[in-house]
Each structure stands twice: as C-alpha cells, then as structure tokens.
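Undergrad: Take a look at upload-v3.cif, mmCIF, C-alpha atoms:
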data_protein
#
loop_
_atom_site.label_atom_id
_atom_site.label_comp_id
_atom_site.auth_asym_id
_atom_site.auth_seq_id
_atom_site.Cartn_x
_atom_site.Cartn_y
_atom_site.Cartn_z
CA MET D 2 119.68 110.47 113.66
CA HIS D 3 118.93 110.21 117.40
CA PHE D 4 121.23 107.18 117.67
CA GLN D 5 124.08 109.03 115.98
CA ARG D 6 123.65 111.98 118.32
CA TRP D 7 123.68 109.69 121.33
CA GLN D 8 126.90 108.06 120.12
CA LYS D 9 128.47 111.52 119.99
CA LEU D 10 127.28 112.25 123.53
CA LYS D 11 128.71 108.97 124.80
CA ALA D 12 132.03 109.81 123.19
CA LYS D 13 132.05 113.02 125.23
CA MET D 14 131.32 111.02 128.41
CA VAL D 15 128.27 113.05 129.44
CA ASP D 16 126.94 112.31 132.92
CA GLY D 17 123.32 113.36 132.35
CA ILE D 18 120.81 114.10 129.58
CA ILE D 19 117.90 116.53 129.27
CA TYR D 20 115.84 115.08 126.44
CA VAL D 21 113.24 116.87 124.31
CA SER D 22 111.38 114.63 121.87
CA SER D 23 107.96 114.38 120.23
CA ASN D 24 108.12 110.58 120.37
CA PRO D 25 108.90 109.46 123.93
CA ALA D 26 108.29 105.76 123.18
CA THR D 27 111.02 105.70 120.54
CA SER D 28 113.28 107.76 122.77
CA GLU D 29 112.86 105.43 125.74
CA LYS D 30 113.78 102.44 123.59
CA LEU D 31 116.84 104.25 122.31
CA LEU D 32 117.93 105.16 125.83
CA GLU D 33 117.02 101.90 127.57
CA ASN D 34 120.65 100.82 127.98
CA ILE D 35 121.81 104.19 129.22
CA THR D 36 122.83 104.37 132.85
CA VAL D 37 123.25 108.14 133.26
CA PRO D 38 120.26 110.17 134.53
CA VAL D 39 117.80 111.23 131.81
CA VAL D 40 115.09 113.88 132.20
CA PHE D 41 112.35 114.14 129.56
CA MET D 42 110.80 117.56 129.00
CA ASP D 43 106.99 117.64 128.93
CA ARG D 44 106.65 113.95 128.09
CA LYS D 45 105.32 111.22 130.34
CA ILE D 46 107.45 108.09 130.40
CA LYS D 47 107.48 104.74 132.13
CA LYS D 48 109.11 104.99 135.51
CA ARG D 49 112.71 103.87 135.56
CA GLU D 50 115.41 104.33 138.14
CA ASN D 51 117.48 106.71 136.03
CA MET D 52 114.68 108.45 134.10
CA GLY D 53 112.24 111.17 135.04
CA SER D 54 110.07 113.90 133.56
CA VAL D 55 109.42 117.60 134.01
CA LEU D 56 105.84 118.24 132.95
CA ILE D 57 103.79 121.30 132.05
CA ASP D 58 100.28 121.48 133.47
CA ASN D 59 98.69 121.40 130.02
CA PHE D 60 95.33 120.34 131.44
CA SER D 61 94.91 123.40 133.67
CA ALA D 62 96.26 125.73 131.00
CA MET D 63 93.61 124.65 128.52
CA LYS D 64 90.90 124.90 131.15
CA ASP D 65 91.93 128.54 131.53
CA VAL D 66 91.76 129.00 127.75
CA ALA D 67 88.26 127.53 127.69
CA ALA D 68 87.13 129.83 130.49
CA TYR D 69 88.65 132.82 128.71
CA ILE D 70 86.88 132.27 125.39
CA ALA D 71 83.64 131.49 127.18
CA GLY D 72 83.99 134.83 128.94
CA LYS D 73 84.35 136.46 125.53
CA GLY D 74 80.97 135.09 124.52
CA CYS D 75 82.10 132.18 122.35
CA ARG D 76 79.59 129.33 122.31
CA GLN D 77 80.62 127.36 119.22
CA PRO D 78 84.39 126.85 119.65
CA ALA D 79 86.55 124.61 117.48
CA TYR D 80 89.91 123.13 118.40
CA ILE D 81 92.86 122.36 116.10
CA THR D 82 95.58 120.30 117.71
CA ALA D 83 98.20 117.63 117.16
CA ASP D 84 97.58 113.90 117.54
CA ILE D 85 95.87 113.49 120.93
CA SER D 86 97.53 110.11 121.45
CA ILE D 87 100.61 112.15 122.46
CA SER D 88 100.39 113.00 126.15
CA PRO D 89 100.60 116.83 125.99
CA SER D 90 97.98 117.02 123.23
CA LYS D 91 95.71 114.59 125.07
CA GLU D 92 95.95 116.60 128.30
CA ARG D 93 95.26 119.86 126.47
CA TYR D 94 92.25 118.38 124.72
CA GLU D 95 90.79 116.98 127.93
CA GLY D 96 91.43 120.23 129.80
CA PHE D 97 89.78 122.22 127.04
CA VAL D 98 86.69 120.01 127.01
CA GLU D 99 86.34 120.06 130.79
CA GLY D 100 86.88 123.82 130.89
CA LEU D 101 84.09 124.34 128.38
CA GLU D 102 81.75 122.08 130.33
CA GLU D 103 82.44 124.04 133.52
CA ASN D 104 81.33 127.13 131.63
CA GLY D 105 78.13 125.57 130.34
CA ILE D 106 79.40 124.63 126.87
CA SER D 107 79.22 121.07 125.59
CA PHE D 108 82.06 120.46 123.15
CA ASN D 109 81.02 118.93 119.84
CA LYS D 110 83.63 116.41 118.66
CA ARG D 111 82.90 117.49 115.09
CA MET D 112 84.57 120.75 116.07
CA HIS D 113 87.93 119.01 116.61
CA TYR D 114 90.66 118.54 114.00
CA ALA D 115 93.96 116.75 114.71
CA GLY D 116 97.13 116.92 112.66
CA THR D 117 100.65 118.20 113.28
CA PHE D 118 102.01 121.42 114.77
CA SER D 119 102.25 123.16 111.39
CA VAL D 120 100.80 125.96 109.28
CA GLU D 121 99.39 123.36 106.90
CA THR D 122 97.39 121.69 109.67
CA GLY D 123 96.02 125.09 110.67
CA GLN D 124 94.91 125.71 107.09
CA ILE D 125 93.41 122.28 106.43
CA GLY D 126 91.87 122.12 109.88
CA ALA D 127 90.25 125.54 109.67
CA MET D 128 88.88 124.90 106.18
CA THR D 129 87.56 121.45 107.12
CA LEU D 130 85.95 122.64 110.34
CA LEU D 131 84.37 125.77 108.85
CA GLN D 132 82.94 123.86 105.90
CA ARG D 133 81.55 121.26 108.27
CA ASN D 134 80.40 123.73 110.94
CA PRO D 135 79.89 127.26 109.56
CA GLU D 136 78.50 128.37 112.93
CA ILE D 137 81.97 128.24 114.56
CA ASP D 138 82.69 131.51 116.39
CA CYS D 139 86.16 130.70 117.75
CA ILE D 140 89.10 128.51 116.71
CA VAL D 141 91.61 127.54 119.39
CA CYS D 142 94.93 126.35 117.93
CA GLY D 143 97.58 124.13 119.49
CA ASN D 144 100.41 126.52 118.61
CA ASP D 145 101.19 129.72 116.73
CA LEU D 146 101.93 127.98 113.41
CA MET D 147 98.48 126.42 113.39
CA ALA D 148 97.01 129.82 114.19
CA ILE D 149 98.83 131.38 111.23
CA GLY D 150 97.24 128.78 108.96
CA ALA D 151 93.80 129.27 110.47
CA VAL D 152 93.99 133.04 110.08
CA SER D 153 94.91 132.74 106.40
CA VAL D 154 91.90 130.52 105.73
CA CYS D 155 89.51 132.83 107.56
CA GLU D 156 90.78 135.75 105.50
CA LYS D 157 90.24 133.80 102.27
CA LEU D 158 86.70 133.00 103.37
CA GLY D 159 86.01 136.66 104.06
CA LYS D 160 85.63 136.20 107.81
CA LYS D 161 86.71 139.19 109.88
CA ILE D 162 88.84 138.57 112.96
CA PRO D 163 87.70 139.04 115.70
CA GLU D 164 84.28 140.36 114.62
CA ASP D 165 83.12 137.20 112.81
CA ILE D 166 85.42 134.66 114.39
CA LYS D 167 88.04 134.68 117.13
CA ILE D 168 91.35 132.83 116.93
CA MET D 169 93.60 132.13 119.90
CA GLU D 170 97.20 131.63 119.88
CA LEU D 171 106.07 136.86 114.58
CA LEU D 172 107.70 139.11 116.46
CA THR D 173 110.79 138.17 118.45
CA GLY D 174 113.39 140.08 116.51
CA LYS D 175 115.21 136.88 115.55
CA TYR D 176 114.43 137.33 111.85
CA LYS D 177 116.36 140.15 110.15
CA LYS D 178 116.07 141.55 106.65
CA GLY D 179 118.91 140.39 104.41
CA GLN D 180 120.24 137.93 107.00
CA PRO D 181 119.98 134.12 107.06
CA TYR D 182 117.37 132.63 109.38
CA PRO D 183 118.79 131.61 112.77
CA GLU D 184 119.74 127.96 113.05
CA GLY D 185 117.03 125.99 114.82
CA SER D 186 114.29 128.57 114.21
CA ARG D 187 110.92 127.54 112.81
CA ALA D 188 111.72 129.10 109.44
CA THR D 189 114.57 126.62 108.98
CA HIS D 190 113.06 123.39 110.27
CA GLN D 191 109.45 123.62 109.08
CA ALA D 192 109.14 121.21 106.18
CA ASP D 193 106.46 123.21 104.38
CA LYS D 194 108.32 126.53 104.84
CA GLN D 195 104.97 128.34 104.93
CA ILE D 196 106.08 130.59 107.76
CA ASN D 197 108.42 132.14 105.19
CA ASN D 198 105.37 133.76 103.61
CA LEU D 199 105.27 136.09 106.61
CA LEU D 200 108.95 136.99 106.39
CA THR D 201 108.48 139.55 103.63
CA ASP D 202 110.80 142.51 103.07
CA GLU D 203 108.03 144.80 104.30
CA ASN D 204 107.52 142.91 107.57
CA LEU D 205 111.24 142.54 108.20
CA ALA D 206 111.72 146.26 107.58
CA ILE D 207 109.15 146.92 110.30
CA VAL D 208 111.05 144.60 112.65
CA ASP D 209 114.26 146.52 111.89
CA GLU D 210 112.62 149.82 112.83
CA LEU D 211 111.14 148.34 116.00
CA SER D 212 114.57 147.00 116.91
CA LYS D 213 115.87 150.58 116.93
CA VAL D 214 113.15 151.59 119.38
CA ALA D 215 113.92 148.55 121.53
CA ASP D 216 117.65 149.39 121.52
CA ASP D 217 116.91 152.94 122.67
CA LEU D 218 114.93 151.53 125.60
CA GLY D 219 117.59 148.96 126.47
CA THR D 220 115.44 145.96 125.62
CA ASN D 221 114.63 143.64 122.70
CA VAL D 222 111.77 143.44 120.20
CA ALA D 223 109.99 140.54 121.89
CA ILE D 224 109.79 142.34 125.25
CA LEU D 225 108.88 145.62 123.56
CA SER D 226 106.07 143.96 121.59
CA LEU D 227 104.48 142.38 124.64
CA ALA D 228 104.86 145.57 126.67
CA TRP D 229 103.21 147.57 123.87
CA ILE D 230 100.24 145.18 123.92
CA LEU D 231 99.97 145.44 127.71
CA LYS D 232 99.96 149.23 127.38
CA HIS D 233 96.51 149.07 125.77
CA PRO D 234 93.76 148.89 128.42
CA GLU D 235 91.28 147.41 125.95
CA ILE D 236 93.38 144.23 125.83
CA SER D 237 92.60 142.04 128.81
CA CYS D 238 95.02 139.18 128.26
CA VAL D 239 98.28 138.42 126.44
CA ILE D 240 98.93 134.80 125.46
CA ALA D 241 102.61 134.38 124.66
CA GLY D 242 104.22 131.18 123.45
CA ALA D 243 107.62 129.93 124.58
CA SER D 244 109.51 126.79 123.60
CA LYS D 245 112.44 127.40 125.97
CA PRO D 246 112.69 128.56 129.61
CA SER D 247 114.84 131.48 128.44
CA GLN D 248 112.02 132.67 126.17
CA LEU D 249 109.56 132.59 129.06
CA GLU D 250 111.96 134.55 131.27
CA ASN D 251 112.40 137.06 128.45
CA ASN D 252 108.63 137.44 127.95
CA LEU D 253 108.01 138.10 131.64
CA LYS D 254 110.28 141.16 131.52
CA ALA D 255 107.57 142.91 129.49
CA VAL D 256 105.53 143.36 132.67
CA ASP D 257 108.10 145.77 134.10
CA LEU D 258 108.99 147.64 130.91
CA GLU D 259 107.79 151.24 130.87
CA ILE D 260 107.31 152.65 127.38
CA PRO D 261 107.44 156.48 127.28
CA ASP D 262 104.78 158.32 125.30
CA ASP D 263 107.25 159.40 122.60
CA ALA D 264 108.34 155.79 122.11
CA MET D 265 104.68 154.72 121.86
CA GLU D 266 104.21 157.30 119.12
CA ARG D 267 107.25 155.96 117.24
CA ILE D 268 105.97 152.39 117.49
CA GLU D 269 102.48 153.24 116.30
CA LYS D 270 103.88 155.27 113.39
CA ILE D 271 106.06 152.31 112.35
CA LEU D 272 103.10 149.94 112.55
CA GLY D 273 100.63 152.33 110.97
CA PHE D 274 98.51 151.73 114.05
CA GLN D 275 95.27 153.67 114.31
CA ARG D 276 93.25 153.56 117.49
CA PHE D 277 89.55 152.85 117.05
CA GLU D 278 87.20 154.58 119.44
CA ARG D 279 83.43 154.49 119.57
CA HIS D 280 81.45 156.72 121.88
CA VAL D 281 77.94 155.65 122.84
CA GLY D 282 75.33 158.12 124.07
#
Would you write the structure of this file as structure tokens?

TA:
Amino acid sequence: MHFQRWQKLKAKMVDGIIYVSSNPATSEKLLENITVPVVFMDRKIKKRENMGSVLIDNFSAMKDVAAYIAGKGCRQPAYITADISISPSKERYEGFVEGLEENGISFNKRMHYAGTFSVETGQIGAMTLLQRNPEIDCIVCGNDLMAIGAVSVCEKLGKKIPEDIKIMELLTGKYKKGQPYPEGSRATHQADKQINNLLTDENLAIVDELSKVADDLGTNVAILSLAWILKHPEISCVIAGASKPSQLENNLKAVDLEIPDDAMERIEKILGFQRFERHVG
C-alpha cells in the first residue's frame, strides 16, 4: 500500500514528503532510493542527507503526567501503552518511570501492559492488570482509545471513577447523528470498531444540541467542550489529545473562549449535569 502511494506521488513529481508512519524502519527502506527531502513526524530515523525528523518531547510529557498523578495521591499506578520498542512509546515509558521516581514512587513492572493503540488493548490491559494487582489506584493510558477500554472494564468490575481508581487520558463535533463517519476518523479505521459503541443515537443527539450552542457563540464543539471544563474551578488540569497540528491550534482557542452564564445553563441542561457540593463544618 505504501509503495503504491509513493508511485502516485512520484507521478505527480512532488519535491518533498512529510511522512507519518508507525513503522519507521519499513518506511526508511521504502524511501531509501528517494532523493527529495523527507521529514518523519515523531519518529526517530537513521541520519541521512535528505531525511530528518520532527519529534515530540514524549519523555518530558510523561514526566509531567507522573508528577500530576503523584500530586493527586496515587501511589500504585499502572500504565497501558503500545509496544515500547517503538521510539515514542519507549520515551513515554521511560519518562513516566523517571517521573514517578522523582516523586518517590518506584514503578512496578508488573503494573505495565503493552499492546496497540486500541480500545481492545485498553480492555485487556486493564483487566489483566487489575486481576494481577487489585491495589492499583490509577491507570495511565497511551491514548484515548485505550482509556475508553480501561473505563469500560472498571465499570464492569464495579470500580467507581475517580473515587476507587483514576484514569488519565468523544467530543469534537466530527460525528453527527444520521451522517456517515468522516473519512480518516477513528470510527472508520479502527479494526475492532469498538469506538462505535459510544456513537449511540443518544450521545449524537447531545452533540447536535451542543453544536447549536457552539454555533451561537461562534465556535465549535471541541473548543466549547474544553472551555466548559476550564470554567469549573474544581478541575485543575485539562489533558487534550491531538493527532494533527490543526487540532492542537483548535484546542488552544478554548483558553480565550468566554461562555456566558445563560450558555452554561443550556450546556448543563443538555448534559444533565448536576454540580456536587459538600460543605464541611
């Protein structure tokens, strides 16, 4: 498939390539006879004259995650990730372990499960880890799909989130009721299709209503969702995923979005949100 795509690119006489791949070794071999500049996204490669990489600081990011969960009182964290032989996963794992150590927590390797970036891995990983280590108080997942799987398992086991266990890691407005899933979205390319379980008529109807609020404020559902979260002082941190620079730029707009009180009331009515307050003394 990659070879066929490259043949099409050559036919169009491209003069440069930005390459995103989960298997850089295979990609390098495929591109070894290419003379145009090639930039790999978030993948380390062997240095060549016409090839380079743009890398994410996965190591530091996971150190921050480790510090955050330690600050929340977690002392028995588990980690579900992809194969750590792949450079981003390896860096994240090492950053996570070092971050825990800096916060006085020694990571138990029995608390680690490796698979693929999928809902199924989140499910199998969470079940395996919790059966092996019932004392786990936090599960950190490599991406949102894994987190979805982990949450479903915790619910089946009767564990309350976040009271009994904390989980780190669907609301962009890209999925619409009665409309086909956007080409290239997770719902179309995930082999197990388990994310489709979340795309119920009820959930999509909620997204439709939130889209109306977003339209009235001149924004989109993703920005509105993040801004709504930031509006709650009891939430100290928002962790938002992005697979494209445009998604990151979109997410950052939430910081400047002001949601009027009447719009907040509309949102909370749509969500059925009820604020919990406890007064001590």

Undergrad: Residues at most 7 Å from segment 251-265 of chain D, counting all atoms listed in the file, excluding those fewer than 4 positions away in the same chain, as a count of residues only?

TA: 8

Undergrad: Excluding Lys167 of chain D and residues on its chain fewer than 2 positions from it, collect all residues at most 6 Å away from it, counting only C-alpha atoms, and give them as JSON, numbers by chain.

TA: {"D": [139, 162, 163]}

Undergrad: Might you spell out which residues the PyMOL selection byres ((chain D and resi 110) around 12) would select in the displayed file, as a PyMOL selection string?

TA: chain D and resi 77-81+94-95+97-98+107-109+111-115+130+133-134

Undergrad: Counting only C-alpha atoms, what is within 12 Å of segment 158-161 of chain D, bar same-chain residues fewer than 2 positions away, as a PyMOL selection string?

TA: chain D and resi 124+127-128+131-132+135-139+151-156+163-168

Undergrad: Find the residue from D:Asn204, D:Thr117, D:Ser86, D:Ser61 that sits nearest to Glu99 of chain D; use only C-alpha atoms when measuring.

TA: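 Among D:Asn204, D:Thr117, D:Ser86, D:Ser61, it is D:Ser61 that comes nearest to Glu99 of chain D.
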
Undergrad: Pick the closest to Ala68 of chain D from D:Asn221, D:Ser119, D:Asn104, D:Thr82: which is it, counting only C-alpha atoms?

TA: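 The shortest atom-to-atom distance to Ala68 of chain D comes from D:Asn104.
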
Undergrad: Record the distance separating atom CA of Arg93 of chain D and atom CA of Asn59 of chain D, expressed in Å with one decimal.

TA: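 It comes out at 5.2 Å.
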
Undergrad: Restricting the calculation to only C-alpha atoms: of D:Gly273, D:Gly96, D:Pro246, D:Gly105, which residue gets closest to Phe60 of chain D?

TA: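 The closest residue to Phe60 of chain D is D:Gly96.
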
Undergrad: Could you tell me how far atom CA of Trp229 of chain D sits from atom CA of Ser212 of chain D, in Å to one decimal place?

TA: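 We find that atom CA of Ser212 of chain D and atom CA of Trp229 of chain D lie 13.3 Å from each other.
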
Undergrad: Would you translate the PyMOL selection byres ((chain D and resi 121) around 9) into the concrete set of residues it matches in this file, as a VMD selection string?

TA: chain D and resid 116 to 120 122 to 126 146 to 147 150 to 151 193 195

Undergrad: Let me know the residues the PyMOL selection byres ((chain D and resi 58) around 12) catches in the file above, as a ChimeraX atom specification.

TA: /D:43-45,55-57,59-65,88-93,95-96

Undergrad: Record the distance separating atom CA of Gly143 of chain D and atom CA of Ile240 of chain D, expressed in Å with one decimal.

TA: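 Going from atom CA of Gly143 of chain D over to atom CA of Ile240 of chain D covers 12.3 Å.
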
Undergrad: Name the closest residue to Met169 of chain D among the candidates D:Ile207, D:Ile35, D:Ala12, D:Cys142; distances are taken between atoms, counting only C-alpha atoms.

TA: D:Cys142
